[in-house]
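K.L.:
Handing you this structure, nothing more for now.
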Amino acid sequence: MSARFDWTTVHPAAYKAGIGMEESLKNSFLTSIQKELIKIRASQLNGCAFCLNMHTKDALKYGETPQRIFLLNAWREAKELFTEEEEIILEITEEVTLISQKGLSEETYQKAKTIFNESQLADIIMAAVVINMWNRIAISTHMPIGK
């Protein structure tokens with residue numbers, strides 16, 4: 001599949017705004033690995049090859065294990081590999097990504113509130129929102145996977 005156009009040059013203001021959203025997460029409480037788990041899981045759900053390629057490489061660079069990346073799609077069955085915090089982060093990521101199904105459920109939100117404060121919850125939700133934005137851009141414009 002060939003790229004449709006380079007949206008970064010066609011709409012540079014939107015690209016700059018997206019980068020700004022990404023930059024806002026640099027000072028979040030989320031670790032680099034937690035951010036990559038969010039990015040990989042949302043990209044799996046959305047089927048974004050470009051982002052999966054990028055963020056699995058980044059996760060490995062930050063020290064994530066191949067086993068956890070391989071099993072991320074089945075994290076509920078591999079709970080021994082993920083912390084309670086990561087499980088809630090993944091639940092939020094899935095519910096935000098699949099927003100049309102039920103949105104962020106009250107059950108997940110209440111569970112998250114027992115571990116995270118409002119600022120941390122905002123970081124998690126924003127991280128999921130941002131990767132969903134990038135997924136939609138990459139898929140819509142057929143961004144090349146690269147090497």
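Please note that chains go A, B, ... in the order of the structure tokens, that every chain numbers its residues from 1, and that ligands are numbered from 1 in the order shown.
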Please provide as a list in words all residues within 12 Å of Ile99 (chain A), with the sequence filter that same-chain residues fewer than 5 positions apart are discarded (counting only C-alpha atoms).

P.N.:
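The residues that qualify are Ala42, Leu45, Asn46, Glu91, Ile92, Thr93, Glu94, Leu104, Ser105, Ile125, Ala128, Val129 and Asn132 of chain A.
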
K.L.:
Give me a file of those residues, with N, CA and C atoms, as a PDB file, in the first residue's frame.

P.N.:
```pdb
ATOM      1  N   ALA A  42      -3.463   0.364  21.968  1.00  0.00           N
ATOM      2  CA  ALA A  42      -4.413   1.095  21.117  1.00  0.00           C
ATOM      3  C   ALA A  42      -4.145   0.798  19.651  1.00  0.00           C
ATOM      4  N   LEU A  45      -5.576  -2.534  18.687  1.00  0.00           N
ATOM      5  CA  LEU A  45      -7.035  -2.459  18.515  1.00  0.00           C
ATOM      6  C   LEU A  45      -7.414  -1.759  17.220  1.00  0.00           C
ATOM      7  N   ASN A  46      -6.656  -0.741  16.850  1.00  0.00           N
ATOM      8  CA  ASN A  46      -6.955   0.018  15.638  1.00  0.00           C
ATOM      9  C   ASN A  46      -6.343  -0.592  14.378  1.00  0.00           C
ATOM     10  N   GLU A  91      -6.990  -1.258  30.604  1.00  0.00           N
ATOM     11  CA  GLU A  91      -8.459  -1.203  30.540  1.00  0.00           C
ATOM     12  C   GLU A  91      -8.926   0.171  30.066  1.00  0.00           C
ATOM     13  N   ILE A  92      -8.360   1.209  30.644  1.00  0.00           N
ATOM     14  CA  ILE A  92      -8.734   2.570  30.224  1.00  0.00           C
ATOM     15  C   ILE A  92      -8.405   2.768  28.754  1.00  0.00           C
ATOM     16  N   THR A  93      -7.224   2.340  28.339  1.00  0.00           N
ATOM     17  CA  THR A  93      -6.807   2.475  26.938  1.00  0.00           C
ATOM     18  C   THR A  93      -7.811   1.800  26.012  1.00  0.00           C
ATOM     19  N   GLU A  94      -8.208   0.586  26.349  1.00  0.00           N
ATOM     20  CA  GLU A  94      -9.159  -0.143  25.506  1.00  0.00           C
ATOM     21  C   GLU A  94     -10.508   0.559  25.454  1.00  0.00           C
ATOM     22  N   LEU A 104     -15.576   5.042  28.619  1.00  0.00           N
ATOM     23  CA  LEU A 104     -14.875   4.698  29.847  1.00  0.00           C
ATOM     24  C   LEU A 104     -15.939   4.349  30.875  1.00  0.00           C
ATOM     25  N   SER A 105     -16.035   3.082  31.200  1.00  0.00           N
ATOM     26  CA  SER A 105     -17.110   2.603  32.078  1.00  0.00           C
ATOM     27  C   SER A 105     -16.932   3.116  33.496  1.00  0.00           C
ATOM     28  N   ILE A 125      -5.804   9.035  30.174  1.00  0.00           N
ATOM     29  CA  ILE A 125      -6.813   9.280  29.134  1.00  0.00           C
ATOM     30  C   ILE A 125      -6.192  10.048  27.969  1.00  0.00           C
ATOM     31  N   ALA A 128      -4.063   7.861  25.764  1.00  0.00           N
ATOM     32  CA  ALA A 128      -4.888   7.028  24.889  1.00  0.00           C
ATOM     33  C   ALA A 128      -5.473   7.858  23.750  1.00  0.00           C
ATOM     34  N   VAL A 129      -5.914   9.055  24.047  1.00  0.00           N
ATOM     35  CA  VAL A 129      -6.485   9.941  23.022  1.00  0.00           C
ATOM     36  C   VAL A 129      -5.434  10.274  21.962  1.00  0.00           C
ATOM     37  N   ASN A 132      -4.594   7.377  19.660  1.00  0.00           N
ATOM     38  CA  ASN A 132      -5.720   7.145  18.754  1.00  0.00           C
ATOM     39  C   ASN A 132      -5.724   8.153  17.616  1.00  0.00           C
TER      40      ASN A 132
END
```

K.L.:
List the neighbours of region 14-30 of chain A out to 8 Å using only C-alpha atoms; skip same-chain residues closer than 6 positions along the sequence, and give me the result as a list of chain:residue names.

P.N.:
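Listing them by chain and then by number gives A:Trp7, A:Thr8, A:Gln120, A:Asp123, A:Ile124, A:Met126, A:Ala127, A:Val130.
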
K.L.:
Residues of chain A in helix (DSSP H, G or I) according to DSSP, as number ranges by chain?

P.N.:
A: 7-10, 12-24, 32-46, 49-61, 66-74, 79-81, 84-97, 106-113, 118-141

K.L.:
For each of A:Glu106, A:Glu36, A:Asp6, A:Glu87, take the minimum atom-to-atom distance to Thr65 (chain A), counting only C-alpha atoms, then give the residue where this is smallest.

P.N.:
A:Glu36

K.L.:
Can you pull out every residue within 12 Å of Ser140 (chain A), counting only C-alpha atoms, but drop anything in the same chain fewer than 4 positions away, and send it as a PyMOL selection string?

P.N.:
chain A and resi 1-7+46-50+133-136+144

K.L.:
So how far away is CA of Glu84 (chain A) from CA of Ala112 (chain A), in Å?

P.N.:
9.8 Å

K.L.:
How far is it from CA of Ala74 (chain A) to CA of Ile38 (chain A), in Å with one decimal?

P.N.:
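Between CA of Ala74 (chain A) and CA of Ile38 (chain A) the gap is 13.9 Å.
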